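Source file: coords03.txt. Holds: compact mmCIF, C-alpha atoms (C1' of nucleotides).
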# COMPACT_ATOMS: atom_id res chain seq x y z
CA MET A 288 -10.58 13.79 -27.52
CA GLU A 289 -11.91 10.58 -29.00
CA TYR A 290 -12.90 7.39 -27.22
CA GLN A 291 -9.66 5.52 -27.82
CA GLU A 292 -7.47 8.38 -26.64
CA ALA A 293 -9.62 9.01 -23.60
CA LYS A 294 -9.57 5.34 -22.73
CA GLU A 295 -5.80 5.11 -22.96
CA LYS A 296 -5.38 8.27 -20.96
CA PHE A 297 -7.64 6.97 -18.26
CA ILE A 298 -5.90 3.61 -18.03
CA SER A 299 -2.42 5.05 -17.91
CA THR A 300 -3.32 7.77 -15.41
CA TRP A 301 -5.20 5.49 -13.11
CA GLY A 302 -2.44 2.94 -13.51
CA SER A 303 0.36 5.26 -12.54
CA LEU A 304 -1.74 6.33 -9.60
CA GLY A 305 -1.58 2.80 -8.28
CA THR A 306 0.93 3.82 -5.64
CA LEU A 307 -1.64 6.16 -4.16
CA TRP A 308 -3.83 3.29 -3.21
CA GLY A 309 -0.99 0.86 -2.69
CA ILE A 310 -1.00 -1.46 -5.69
CA ASN A 311 1.33 -1.84 -8.64
CA LYS A 312 0.99 -0.51 -12.16
CA ALA A 313 -0.16 -3.66 -13.93
CA MET A 314 -2.74 -4.36 -11.25
CA ALA A 315 -4.09 -0.85 -11.48
CA GLN A 316 -4.23 -0.98 -15.26
CA ILE A 317 -6.09 -4.25 -15.34
CA GLN A 318 -8.57 -2.90 -12.86
CA SER A 319 -9.02 0.27 -14.91
CA LEU A 320 -9.63 -1.68 -18.06
CA LEU A 321 -12.29 -3.78 -16.39
CA PHE A 322 -13.77 -0.74 -14.74
CA ILE A 323 -14.71 0.88 -18.03
CA SER A 324 -15.47 -2.29 -19.93
CA THR A 325 -19.07 -3.04 -20.78
CA LYS A 326 -18.54 -6.77 -20.37
CA ALA A 327 -16.39 -9.29 -18.51
CA LEU A 328 -13.01 -9.85 -20.18
CA SER A 329 -10.93 -12.99 -20.66
CA MET A 330 -7.23 -13.22 -19.93
CA GLU A 331 -6.50 -13.09 -23.66
CA GLU A 332 -8.42 -9.87 -24.06
CA ILE A 333 -6.67 -8.25 -21.12
CA MET A 334 -3.23 -9.32 -22.38
CA ASP A 335 -3.96 -7.96 -25.82
CA GLU A 336 -5.36 -4.65 -24.66
CA LEU A 337 -2.58 -3.89 -22.20
CA LYS A 338 0.22 -5.65 -24.07
CA ILE A 339 1.37 -7.62 -21.08
CA SER A 340 2.35 -11.27 -20.79
CA ARG A 341 0.13 -14.12 -19.79
CA GLY A 342 2.08 -14.72 -16.58
CA ASN A 343 1.85 -11.12 -15.55
CA THR A 344 -1.86 -11.00 -16.25
CA SER A 345 -2.48 -14.15 -14.29
CA MET A 346 -0.52 -13.01 -11.24
CA ASN A 347 -2.05 -9.58 -11.14
CA LEU A 348 -5.59 -10.83 -11.61
CA ARG A 349 -5.00 -13.10 -8.68
CA GLN A 350 -3.86 -10.19 -6.55
CA LEU A 351 -6.87 -8.14 -7.57
CA MET A 352 -9.06 -11.02 -6.50
CA ASP A 353 -7.21 -11.17 -3.17
CA TRP A 354 -8.01 -7.51 -2.72
CA GLY A 355 -11.63 -8.37 -3.34
CA ILE A 356 -12.13 -5.94 -6.20
CA VAL A 357 -12.10 -8.34 -9.14
CA THR A 358 -14.12 -11.51 -9.49
CA LYS A 359 -14.22 -14.42 -11.87
CA GLU A 360 -17.32 -14.73 -13.93
CA LEU A 361 -17.99 -18.14 -15.41
CA ILE A 362 -19.84 -17.90 -18.66
CA PRO A 363 -21.91 -21.05 -19.31
CA GLY A 364 -20.63 -23.03 -22.22
CA GLU A 365 -17.32 -21.14 -22.25
CA ARG A 366 -14.11 -22.82 -21.26
CA LYS A 367 -12.23 -19.59 -20.55
CA GLU A 368 -12.53 -17.60 -17.36
CA TYR A 369 -13.85 -14.08 -17.52
CA PHE A 370 -13.19 -11.24 -15.12
CA THR A 371 -15.09 -8.21 -13.86
CA THR A 372 -14.36 -5.56 -11.31
CA GLU A 373 -16.61 -3.96 -8.77
CA LYS A 374 -18.36 -1.25 -10.74
CA ASP A 375 -19.68 0.86 -7.91
CA VAL A 376 -17.07 3.42 -6.82
CA GLN A 377 -18.33 3.50 -3.25
CA GLU A 378 -17.95 -0.25 -2.91
CA LEU A 379 -14.59 -0.06 -4.59
CA ALA A 380 -13.38 2.58 -2.16
CA ARG A 381 -14.71 0.52 0.70
CA HIS A 382 -12.75 -2.56 -0.35
CA ILE A 383 -9.56 -0.67 -0.93
CA ALA A 384 -9.73 1.21 2.35
CA LYS A 385 -10.45 -1.97 4.24
CA GLU A 386 -7.54 -3.84 2.70
CA ARG A 387 -5.05 -1.05 3.20
CA SER A 388 -6.09 -0.72 6.78
CA ARG A 389 -5.67 -4.43 7.36
CA ARG A 390 -2.40 -4.82 5.48
CA GLU A 391 -0.55 -1.66 6.31
CA ILE A 392 -2.11 0.61 8.86
CA LYS A 393 -3.11 -1.85 11.57
CA PRO A 394 0.35 -3.47 11.75
CA VAL A 395 1.99 -0.06 12.06
CA ILE A 396 -0.40 0.97 14.80
CA LYS A 397 0.57 -2.17 16.67
CA ILE A 398 4.27 -1.34 16.45
CA LEU A 399 3.71 2.27 17.46
CA LYS A 400 1.88 1.00 20.48
CA ASP A 401 4.74 -1.33 21.41
CA VAL A 402 7.37 1.32 20.93
CA SER A 403 5.46 3.94 22.88
CA SER A 404 5.04 1.49 25.75
CA ILE A 405 8.71 1.05 26.61
CA LYS A 406 9.74 1.71 30.16
CA ASP A 407 10.39 5.34 30.94
CA ASP A 408 13.94 5.41 32.27
CA GLY A 409 13.74 9.11 32.97
CA THR A 410 16.15 10.27 30.26
CA ALA A 411 15.12 13.05 27.94
CA LYS A 412 15.57 10.96 24.80
CA THR A 413 13.39 8.15 26.11
CA LYS A 414 10.73 10.63 27.15
CA GLU A 415 10.81 12.16 23.68
CA LEU A 416 10.54 8.79 21.95
CA ILE A 417 7.58 7.83 24.09
CA LYS A 418 5.85 11.15 23.67
CA GLN A 419 6.24 11.33 19.91
CA THR A 420 5.39 7.74 19.10
CA LYS A 421 2.37 8.00 21.35
CA ALA A 422 1.21 11.05 19.44
CA LEU A 423 1.67 9.24 16.15
CA HIS A 424 -0.11 6.22 17.50
CA ASP A 425 -3.11 8.27 18.48
CA LEU A 426 -3.19 10.05 15.15
CA ALA A 427 -2.90 6.83 13.18
CA GLU A 428 -5.59 5.18 15.23
CA THR A 429 -8.00 8.07 14.87
CA ALA A 430 -7.38 8.34 11.13
CA ASP A 431 -7.83 4.62 10.66
CA ALA A 432 -11.01 4.50 12.69
CA MET A 433 -12.40 7.47 10.86
CA MET A 434 -11.63 6.01 7.48
CA ASN A 435 -13.16 2.69 8.32
CA LYS A 436 -16.23 4.24 9.77
CA ILE A 437 -16.73 6.52 6.81
CA VAL A 438 -16.18 3.79 4.33
CA ASN A 439 -17.99 0.92 6.02
CA GLN A 440 -21.24 2.60 6.71
CA GLU A 441 -24.39 1.29 5.08
CA GLN A 442 -24.43 5.03 5.20
CA ASN A 443 -26.29 7.97 4.04
CA TRP A 444 -26.65 9.75 7.31
CA ILE A 445 -22.91 9.82 7.70
CA THR A 446 -22.28 10.91 4.14
CA LYS A 447 -24.79 13.66 4.59
CA SER A 448 -23.28 14.75 7.89
CA LEU A 449 -19.83 14.86 6.38
CA LEU A 450 -20.98 16.69 3.32
CA LYS A 451 -22.52 19.28 5.58
CA LEU A 452 -19.24 19.60 7.43
CA ILE A 453 -17.11 20.14 4.38
CA LYS A 454 -19.39 22.51 2.54
CA MET B 19 12.41 -3.38 24.93
CA GLU B 20 15.15 -0.87 25.57
CA TYR B 21 15.56 2.59 24.13
CA GLN B 22 17.97 1.67 21.35
CA GLU B 23 15.85 -1.22 20.11
CA ALA B 24 12.65 0.81 20.30
CA LYS B 25 14.28 3.64 18.41
CA GLU B 26 15.53 1.37 15.63
CA LYS B 27 12.17 -0.33 15.41
CA PHE B 28 10.40 2.97 15.11
CA ILE B 29 12.73 4.31 12.44
CA SER B 30 12.60 1.20 10.30
CA THR B 31 8.83 0.80 10.62
CA TRP B 32 8.06 4.39 9.91
CA GLY B 33 10.60 4.30 7.11
CA SER B 34 9.11 1.32 5.36
CA LEU B 35 5.74 2.99 5.70
CA GLY B 36 7.00 5.82 3.54
CA THR B 37 5.02 4.54 0.58
CA LEU B 38 1.82 5.05 2.53
CA TRP B 39 2.35 8.75 2.60
CA GLY B 40 4.17 8.91 -0.72
CA ILE B 41 7.85 9.40 0.09
CA ASN B 42 10.85 7.12 -0.16
CA LYS B 43 12.58 5.10 2.52
CA ALA B 44 15.56 7.33 3.21
CA MET B 45 13.35 10.41 3.39
CA ALA B 46 11.03 8.71 5.83
CA GLN B 47 13.91 7.49 7.97
CA ILE B 48 15.54 10.87 8.20
CA GLN B 49 12.24 12.39 9.17
CA SER B 50 11.70 9.70 11.82
CA LEU B 51 15.12 10.26 13.30
CA LEU B 52 14.51 13.97 13.58
CA PHE B 53 11.03 13.40 14.92
CA ILE B 54 12.27 11.63 18.03
CA SER B 55 15.47 13.60 18.45
CA THR B 56 15.67 16.04 21.34
CA LYS B 57 17.80 18.44 19.31
CA ALA B 58 18.49 19.54 15.77
CA LEU B 59 20.92 17.23 13.95
CA SER B 60 23.73 17.92 11.51
CA MET B 61 24.23 16.08 8.26
CA GLU B 62 27.11 14.16 9.81
CA GLU B 63 24.95 12.96 12.66
CA ILE B 64 22.19 11.85 10.33
CA MET B 65 24.62 10.00 8.06
CA ASP B 66 26.17 8.23 11.01
CA GLU B 67 22.94 7.21 12.65
CA LEU B 68 21.30 5.90 9.50
CA LYS B 69 24.46 4.69 7.77
CA ILE B 70 23.72 6.47 4.55
CA SER B 71 26.01 8.49 2.31
CA ARG B 72 26.49 12.21 2.35
CA GLY B 73 24.94 12.61 -1.08
CA ASN B 74 21.89 10.64 -0.16
CA THR B 75 21.42 12.59 3.04
CA SER B 76 21.75 15.89 1.26
CA MET B 77 19.25 15.02 -1.45
CA ASN B 78 16.67 13.63 0.89
CA LEU B 79 16.94 16.51 3.32
CA ARG B 80 16.28 18.80 0.44
CA GLN B 81 13.18 16.88 -0.52
CA LEU B 82 11.94 16.94 3.06
CA MET B 83 12.38 20.69 3.03
CA ASP B 84 10.44 20.88 -0.24
CA TRP B 85 7.64 19.00 1.47
CA GLY B 86 7.76 21.60 4.19
CA ILE B 87 8.27 19.16 7.05
CA VAL B 88 11.96 19.72 7.75
CA THR B 89 13.68 23.03 8.30
CA LYS B 90 17.24 24.22 8.60
CA GLU B 91 18.22 25.60 11.93
CA LEU B 92 21.27 27.81 11.99
CA ILE B 93 23.11 27.58 15.25
CA PRO B 94 25.03 30.78 15.98
CA GLY B 95 28.76 30.29 15.87
CA GLU B 96 28.40 26.93 14.13
CA ARG B 97 29.49 26.46 10.56
CA LYS B 98 27.42 23.33 9.97
CA GLU B 99 23.74 23.33 9.17
CA TYR B 100 21.34 21.67 11.56
CA PHE B 101 17.94 20.18 10.79
CA THR B 102 14.68 19.73 12.63
CA THR B 103 11.31 18.38 11.65
CA GLU B 104 7.87 19.61 12.54
CA LYS B 105 7.24 18.06 15.93
CA ASP B 106 3.49 18.47 16.13
CA VAL B 107 1.75 15.49 14.55
CA GLN B 108 -1.29 17.52 13.55
CA GLU B 109 0.85 20.02 11.70
CA LEU B 110 2.83 17.19 10.17
CA ALA B 111 -0.32 15.52 8.91
CA ARG B 112 -1.51 18.84 7.57
CA HIS B 113 1.64 19.38 5.53
CA ILE B 114 1.69 15.88 4.17
CA ALA B 115 -1.96 15.89 3.19
CA LYS B 116 -1.59 19.24 1.51
CA GLU B 117 1.43 18.17 -0.51
CA ARG B 118 -0.07 14.89 -1.61
CA SER B 119 -3.20 16.63 -2.69
CA ARG B 120 -1.24 19.16 -4.69
CA ARG B 121 1.21 16.73 -6.26
CA GLU B 122 -0.91 13.69 -6.93
CA ILE B 123 -4.60 14.03 -6.33
CA LYS B 124 -5.34 17.36 -7.98
CA PRO B 125 -3.63 16.41 -11.27
CA VAL B 126 -5.55 13.16 -11.41
CA ILE B 127 -8.84 14.92 -10.74
CA LYS B 128 -8.06 17.19 -13.66
CA ILE B 129 -7.50 14.26 -16.00
CA LEU B 130 -10.61 12.47 -14.80
CA LYS B 131 -12.55 15.58 -15.58
CA ASP B 132 -11.10 15.79 -19.08
CA VAL B 133 -11.72 12.14 -19.80
CA SER B 134 -15.26 12.23 -18.47
CA SER B 135 -16.00 15.25 -20.65
CA ILE B 136 -15.48 13.61 -24.03
CA LYS B 137 -18.28 13.84 -26.52
CA ASP B 138 -20.96 11.19 -26.06
CA ASP B 139 -21.13 9.46 -29.45
CA GLY B 140 -24.01 7.29 -28.31
CA THR B 141 -22.10 3.98 -28.20
CA ALA B 142 -22.31 1.81 -25.10
CA LYS B 143 -18.58 1.84 -24.49
CA THR B 144 -18.36 5.62 -24.62
CA LYS B 145 -21.31 5.92 -22.29
CA GLU B 146 -19.64 3.52 -19.87
CA LEU B 147 -16.32 5.37 -19.97
CA ILE B 148 -18.05 8.67 -19.28
CA LYS B 149 -20.22 7.28 -16.52
CA GLN B 150 -17.42 5.52 -14.68
CA THR B 151 -14.81 8.24 -14.94
CA LYS B 152 -17.40 10.76 -13.82
CA ALA B 153 -18.14 8.64 -10.77
CA LEU B 154 -14.44 8.40 -9.97
CA HIS B 155 -14.03 12.10 -10.50
CA ASP B 156 -16.77 12.88 -8.03
CA LEU B 157 -15.39 10.45 -5.49
CA ALA B 158 -11.86 11.79 -5.81
CA GLU B 159 -13.04 15.36 -5.53
CA THR B 160 -15.13 14.70 -2.45
CA ALA B 161 -12.36 12.75 -0.77
CA ASP B 162 -9.83 15.43 -1.56
CA ALA B 163 -12.06 18.22 -0.34
CA MET B 164 -12.85 16.34 2.82
CA MET B 165 -9.23 15.63 3.57
CA ASN B 166 -8.20 19.20 3.01
CA LYS B 167 -11.00 20.52 5.10
CA ILE B 168 -10.30 18.17 7.96
CA VAL B 169 -6.63 18.83 7.88
CA ASN B 170 -6.59 22.55 7.24
CA GLN B 171 -8.92 23.62 9.93
CA GLU B 172 -7.70 25.85 12.73
CA GLN B 173 -10.10 23.31 14.06
CA ASN B 174 -11.53 21.97 17.17
CA TRP B 175 -15.13 22.19 16.21
CA ILE B 176 -14.55 19.92 13.26
CA THR B 177 -12.45 17.46 15.19
CA LYS B 178 -15.12 17.30 17.80
CA SER B 179 -17.86 16.84 15.25
CA LEU B 180 -15.97 14.05 13.57
CA LEU B 181 -15.12 12.35 16.81
CA LYS B 182 -18.79 12.39 17.65
CA LEU B 183 -19.56 10.83 14.28
CA ILE B 184 -17.09 7.99 14.56
CA LYS B 185 -17.78 7.08 18.16
C1' DA C 37 -7.49 -42.61 -20.54
C1' DT C 38 -6.02 -38.96 -23.60
C1' DA C 39 -5.69 -34.74 -25.63
C1' DA C 40 -6.94 -30.10 -26.10
C1' DA C 41 -7.83 -25.78 -23.78
C1' DC C 42 -6.78 -23.23 -20.57
C1' DT C 43 -4.20 -21.28 -16.05
C1' DT C 44 -0.44 -21.05 -12.79
C1' DT C 45 4.22 -21.01 -11.33
C1' DC C 46 8.80 -19.45 -11.17
C1' DA C 47 13.69 -18.82 -12.65
C1' DA C 48 15.68 -15.65 -15.71
C1' DT C 49 15.80 -10.98 -17.26
C1' DA C 50 14.52 -6.31 -17.80
C1' DA C 51 13.09 -1.92 -15.99
C1' DT C 52 12.98 1.15 -12.41
C1' DT C 53 14.45 3.38 -8.37
C1' DA C 54 17.78 4.34 -4.68
C1' DT C 55 22.47 5.01 -3.24
C1' DT C 56 27.19 6.05 -3.45
C1' DG C 57 31.29 8.84 -3.64
C1' DA C 58 34.12 11.98 -5.57
C1' DA C 59 34.38 16.27 -8.10
C1' DA C 60 32.48 20.78 -8.31
C1' DG C 61 30.34 24.42 -5.86
C1' DT C 62 29.64 27.64 -1.93
C1' DT C 63 30.44 30.12 2.20
C1' DT C 64 33.11 31.89 5.92
C1' DA C 65 37.38 32.92 8.57
C1' DG C 66 41.59 34.85 8.67
C1' DC D 81 42.56 36.63 -1.72
C1' DT D 82 43.07 31.80 -0.14
C1' DA D 83 42.26 27.89 2.37
C1' DA D 84 39.35 25.26 5.14
C1' DA D 85 34.76 23.70 6.17
C1' DC D 86 31.04 22.48 4.57
C1' DT D 87 27.09 21.25 0.87
C1' DT D 88 25.41 19.98 -3.64
C1' DT D 89 25.43 17.61 -7.91
C1' DC D 90 25.47 13.75 -10.83
C1' DA D 91 27.38 9.74 -13.44
C1' DA D 92 28.20 5.15 -12.05
C1' DT D 93 26.52 1.27 -9.56
C1' DA D 94 23.69 -1.37 -6.57
C1' DA D 95 19.31 -2.85 -4.88
C1' DT D 96 14.69 -3.56 -5.63
C1' DT D 97 10.67 -4.54 -8.15
C1' DA D 98 8.14 -5.88 -12.31
C1' DT D 99 7.78 -8.71 -16.36
C1' DT D 100 8.45 -12.44 -19.39
C1' DG D 101 7.86 -16.98 -21.30
C1' DA D 102 8.04 -21.62 -21.20
C1' DA D 103 7.35 -25.72 -18.41
C1' DA D 104 4.25 -27.72 -15.20
C1' DG D 105 -0.35 -28.00 -13.59
C1' DT D 106 -5.46 -28.36 -14.04
C1' DT D 107 -9.87 -29.07 -16.01
C1' DT D 108 -13.09 -30.65 -19.36
C1' DA D 109 -14.69 -33.07 -23.52
C1' DT D 110 -14.68 -37.15 -25.94
Write-out of the structure in structure tokens:
Amino acid sequence: MEYQEAKEKFISTWGSLGTLWGINKAMAQIQSLLFISTKALSMEEIMDELKISRGNTSMNLRQLMDWGIVTKELIPGERKEYFTTEKDVQELARHIAKERSRREIKPVIKILKDVSSIKDDGTAKTKELIKQTKALHDLAETADAMMNKIVNQEQNWITKSLLKLIK
Amino acid sequence: MEYQEAKEKFISTWGSLGTLWGINKAMAQIQSLLFISTKALSMEEIMDELKISRGNTSMNLRQLMDWGIVTKELIPGERKEYFTTEKDVQELARHIAKERSRREIKPVIKILKDVSSIKDDGTAKTKELIKQTKALHDLAETADAMMNKIVNQEQNWITKSLLKLIK
DNA sequence: ATAAACTTTCAATAATTATTGAAAGTTTAG
DNA sequence: CTAAACTTTCAATAATTATTGAAAGTTTAT
């Protein structure tokens, strides 16, 4: 496999995996492209490489910046804006986990809490609803806390502890 | 909040969260309905409750069975088929994690491995591609292994260890 | 102030994904 | 064997989501 093929394979795979970490295809592909680029890229360069429109590129770059994983890089003397992504995978994972928690998991936990707190009227179906949503609530909360803790650590000790556990 | 409202809220929230664990809305809603039901439900009952067609119900039940989180329950004397979902959240999480790993994560790890194994021709861009995809590969593999380990355990010791770590 | 260089916005359109419903298929009872 | 009860399949359609491209907006150089 040559460079060009490998590059395309990487971008399309990582792109189609977007759903796994909760972003759309174009976003994921732009991020991939930046991730393996040796320099910051302009909008033109991104459009050309991925064959997507200017509007699409602009909107998705904005979203990537909202997620905190892409930043503008102003090159002195240049009029254009250039973009780079976080290059360290640990940092990248940290940002993504944090955003997903904030955008999706936390709001769901809140609703599970509300639902599981309804008044117990003594009927079997109400008891079941309360019991099951409470169980989900606890699971979601534990998973979320664990993820955040793992991912937020200035870490080393925790990574080592976990590595020991999974070995 | 009364039972009916809480129930609807739960089903629609959990349903729209489908993406988070990689399934579609109808699938997630059917699973939710079964999850808080006190008895196994027939296709008719599911269709009526969720206001979805027979075809849709049939297809999504099948997928839920493929995922291993819904099972048919044959009630003696009854002609209809009845369905239940795994009621234990830990087991549920275990099944979901296992399936996602198998369907999505493992194949991506494979591709990352292939891409990161291309011949180093000495150019900066090839070096960067190799370095970055290797880093992603390692991250993905560790995360996958960790998840599987956590979730597959006949556990207790591991749960306790982790709880200690995140406290 | 003006024009060139560049970016953003957003209504229109395309692509993708989910849903329906009726025909075909299957199983069981009599 | 046949009909009734039920489930599955799948082409058509609807709903959702992504993408385009051109007009409007912004910034900088002169």
Polymer residues at most 12 Å from B:Gln49, all atoms listed in the file, same-chain spacing of 3 or more positions, as a PyMOL selection string: chain B and resi 28-30+32-33+35-36+41-46+52-55+58-59+64+68+75+78-83+85-89+101-105+110
After a least-squares superposition on chain B using every in-order C-alpha pair, I'd like chain A written out as a compact mmCIF listing (two decimals) with C-alpha atoms, keeping the file's coordinate frame.
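File written: result-v5.txt
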# COMPACT_ATOMS: atom_id res chain seq x y z
CA MET A 288 12.39 -3.41 24.93
CA GLU A 289 15.15 -0.91 25.56
CA TYR A 290 15.55 2.57 24.14
CA GLN A 291 17.94 1.65 21.35
CA GLU A 292 15.83 -1.25 20.12
CA ALA A 293 12.65 0.77 20.29
CA LYS A 294 14.27 3.61 18.41
CA GLU A 295 15.51 1.36 15.64
CA LYS A 296 12.17 -0.35 15.39
CA PHE A 297 10.40 2.95 15.11
CA ILE A 298 12.73 4.29 12.44
CA SER A 299 12.60 1.19 10.30
CA THR A 300 8.83 0.78 10.60
CA TRP A 301 8.06 4.38 9.90
CA GLY A 302 10.61 4.30 7.11
CA SER A 303 9.14 1.32 5.34
CA LEU A 304 5.77 2.96 5.69
CA GLY A 305 7.00 5.81 3.54
CA THR A 306 5.01 4.53 0.58
CA LEU A 307 1.83 5.04 2.55
CA TRP A 308 2.35 8.73 2.61
CA GLY A 309 4.16 8.86 -0.70
CA ILE A 310 7.83 9.37 0.10
CA ASN A 311 10.85 7.10 -0.16
CA LYS A 312 12.57 5.08 2.53
CA ALA A 313 15.56 7.32 3.20
CA MET A 314 13.35 10.39 3.39
CA ALA A 315 11.03 8.70 5.83
CA GLN A 316 13.90 7.48 7.97
CA ILE A 317 15.52 10.86 8.19
CA GLN A 318 12.23 12.38 9.18
CA SER A 319 11.69 9.69 11.82
CA LEU A 320 15.10 10.25 13.29
CA LEU A 321 14.50 13.97 13.58
CA PHE A 322 11.02 13.39 14.90
CA ILE A 323 12.25 11.62 18.02
CA SER A 324 15.44 13.58 18.46
CA THR A 325 15.66 16.01 21.35
CA LYS A 326 17.78 18.43 19.34
CA ALA A 327 18.47 19.54 15.78
CA LEU A 328 20.90 17.22 13.96
CA SER A 329 23.71 17.94 11.51
CA MET A 330 24.21 16.09 8.25
CA GLU A 331 27.10 14.17 9.81
CA GLU A 332 24.94 12.97 12.66
CA ILE A 333 22.17 11.86 10.33
CA MET A 334 24.62 10.01 8.05
CA ASP A 335 26.17 8.24 11.00
CA GLU A 336 22.91 7.23 12.63
CA LEU A 337 21.29 5.91 9.48
CA LYS A 338 24.46 4.71 7.76
CA ILE A 339 23.72 6.48 4.53
CA SER A 340 26.00 8.51 2.28
CA ARG A 341 26.47 12.23 2.34
CA GLY A 342 24.91 12.64 -1.11
CA ASN A 343 21.87 10.66 -0.17
CA THR A 344 21.41 12.61 3.03
CA SER A 345 21.73 15.90 1.25
CA MET A 346 19.23 15.03 -1.48
CA ASN A 347 16.66 13.63 0.88
CA LEU A 348 16.92 16.51 3.33
CA ARG A 349 16.27 18.81 0.43
CA GLN A 350 13.16 16.87 -0.52
CA LEU A 351 11.92 16.93 3.05
CA MET A 352 12.36 20.68 3.04
CA ASP A 353 10.42 20.87 -0.24
CA TRP A 354 7.63 18.99 1.47
CA GLY A 355 7.73 21.59 4.20
CA ILE A 356 8.25 19.15 7.05
CA VAL A 357 11.94 19.71 7.76
CA THR A 358 13.66 23.03 8.29
CA LYS A 359 17.21 24.23 8.60
CA GLU A 360 18.18 25.59 11.94
CA LEU A 361 21.23 27.82 11.99
CA ILE A 362 23.05 27.59 15.26
CA PRO A 363 24.98 30.81 16.00
CA GLY A 364 28.69 30.32 15.91
CA GLU A 365 28.36 26.95 14.15
CA ARG A 366 29.44 26.51 10.58
CA LYS A 367 27.38 23.37 9.98
CA GLU A 368 23.69 23.36 9.18
CA TYR A 369 21.31 21.67 11.56
CA PHE A 370 17.93 20.18 10.80
CA THR A 371 14.65 19.71 12.64
CA THR A 372 11.29 18.37 11.67
CA GLU A 373 7.85 19.59 12.55
CA LYS A 374 7.22 18.05 15.95
CA ASP A 375 3.48 18.45 16.15
CA VAL A 376 1.72 15.47 14.55
CA GLN A 377 -1.30 17.51 13.55
CA GLU A 378 0.85 20.01 11.69
CA LEU A 379 2.81 17.18 10.18
CA ALA A 380 -0.34 15.51 8.91
CA ARG A 381 -1.53 18.82 7.57
CA HIS A 382 1.64 19.36 5.54
CA ILE A 383 1.69 15.86 4.17
CA ALA A 384 -1.97 15.88 3.19
CA LYS A 385 -1.59 19.23 1.51
CA GLU A 386 1.43 18.17 -0.51
CA ARG A 387 -0.06 14.88 -1.62
CA SER A 388 -3.19 16.62 -2.69
CA ARG A 389 -1.23 19.15 -4.70
CA ARG A 390 1.21 16.71 -6.25
CA GLU A 391 -0.90 13.68 -6.92
CA ILE A 392 -4.59 14.01 -6.32
CA LYS A 393 -5.35 17.34 -7.98
CA PRO A 394 -3.63 16.40 -11.26
CA VAL A 395 -5.57 13.14 -11.40
CA ILE A 396 -8.84 14.91 -10.74
CA LYS A 397 -8.06 17.19 -13.66
CA ILE A 398 -7.50 14.25 -16.00
CA LEU A 399 -10.62 12.46 -14.80
CA LYS A 400 -12.54 15.59 -15.56
CA ASP A 401 -11.10 15.79 -19.08
CA VAL A 402 -11.73 12.15 -19.80
CA SER A 403 -15.27 12.23 -18.48
CA SER A 404 -16.01 15.26 -20.65
CA ILE A 405 -15.48 13.62 -24.03
CA LYS A 406 -18.29 13.84 -26.51
CA ASP A 407 -20.95 11.21 -26.09
CA ASP A 408 -21.12 9.47 -29.45
CA GLY A 409 -23.97 7.28 -28.32
CA THR A 410 -22.07 3.98 -28.20
CA ALA A 411 -22.31 1.83 -25.12
CA LYS A 412 -18.56 1.84 -24.50
CA THR A 413 -18.34 5.62 -24.63
CA LYS A 414 -21.30 5.92 -22.30
CA GLU A 415 -19.63 3.52 -19.88
CA LEU A 416 -16.32 5.39 -19.97
CA ILE A 417 -18.06 8.67 -19.29
CA LYS A 418 -20.22 7.28 -16.54
CA GLN A 419 -17.42 5.52 -14.69
CA THR A 420 -14.81 8.23 -14.94
CA LYS A 421 -17.39 10.75 -13.82
CA ALA A 422 -18.13 8.64 -10.77
CA LEU A 423 -14.44 8.39 -9.97
CA HIS A 424 -14.02 12.09 -10.50
CA ASP A 425 -16.76 12.88 -8.04
CA LEU A 426 -15.39 10.46 -5.49
CA ALA A 427 -11.86 11.78 -5.81
CA GLU A 428 -13.03 15.35 -5.54
CA THR A 429 -15.14 14.69 -2.47
CA ALA A 430 -12.35 12.74 -0.77
CA ASP A 431 -9.82 15.42 -1.55
CA ALA A 432 -12.04 18.22 -0.33
CA MET A 433 -12.85 16.34 2.81
CA MET A 434 -9.23 15.62 3.56
CA ASN A 435 -8.18 19.18 3.01
CA LYS A 436 -10.98 20.54 5.08
CA ILE A 437 -10.30 18.16 7.93
CA VAL A 438 -6.62 18.80 7.88
CA ASN A 439 -6.56 22.54 7.24
CA GLN A 440 -8.91 23.63 9.91
CA GLU A 441 -7.65 25.88 12.68
CA GLN A 442 -10.06 23.35 14.03
CA ASN A 443 -11.46 22.02 17.15
CA TRP A 444 -15.10 22.22 16.27
CA ILE A 445 -14.51 20.01 13.28
CA THR A 446 -12.37 17.55 15.18
CA LYS A 447 -15.02 17.35 17.83
CA SER A 448 -17.79 16.89 15.28
CA LEU A 449 -15.88 14.12 13.57
CA LEU A 450 -15.01 12.43 16.80
CA LYS A 451 -18.67 12.42 17.66
CA LEU A 452 -19.45 10.86 14.31
CA ILE A 453 -16.98 8.04 14.59
CA LYS A 454 -17.62 7.12 18.19
Non-local contacts of stretch 88-99 of chain D (12 Å; only C-alpha atoms (C1' of nucleotides); under 4 positions in same chain excluded) as a PyMOL selection string: (chain A and resi 311-314+338-347) or (chain B and resi 72-80) or (chain C and resi 46+48-62)
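Non-sequential neighbours of B:Val133 (distance at most 8 Å, separation of 5 or more positions within a chain, all atoms listed in the file) are Met288, Ala293, Lys294, Lys296 and Phe297 of chain A; Ile148 and Thr151 of chain B.
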Export of prior selection with C-alpha atoms as a PDB file, in the frame of the given file:
ATOM      1  CA  MET A 288     -10.580  13.790 -27.520  1.00  0.00           C
ATOM      2  CA  ALA A 293      -9.620   9.010 -23.600  1.00  0.00           C
ATOM      3  CA  LYS A 294      -9.570   5.340 -22.730  1.00  0.00           C
ATOM      4  CA  LYS A 296      -5.380   8.270 -20.960  1.00  0.00           C
ATOM      5  CA  PHE A 297      -7.640   6.970 -18.260  1.00  0.00           C
TER       6      PHE A 297
ATOM      7  CA  ILE B 148     -18.050   8.670 -19.280  1.00  0.00           C
ATOM      8  CA  THR B 151     -14.810   8.240 -14.940  1.00  0.00           C
TER       9      THR B 151
END
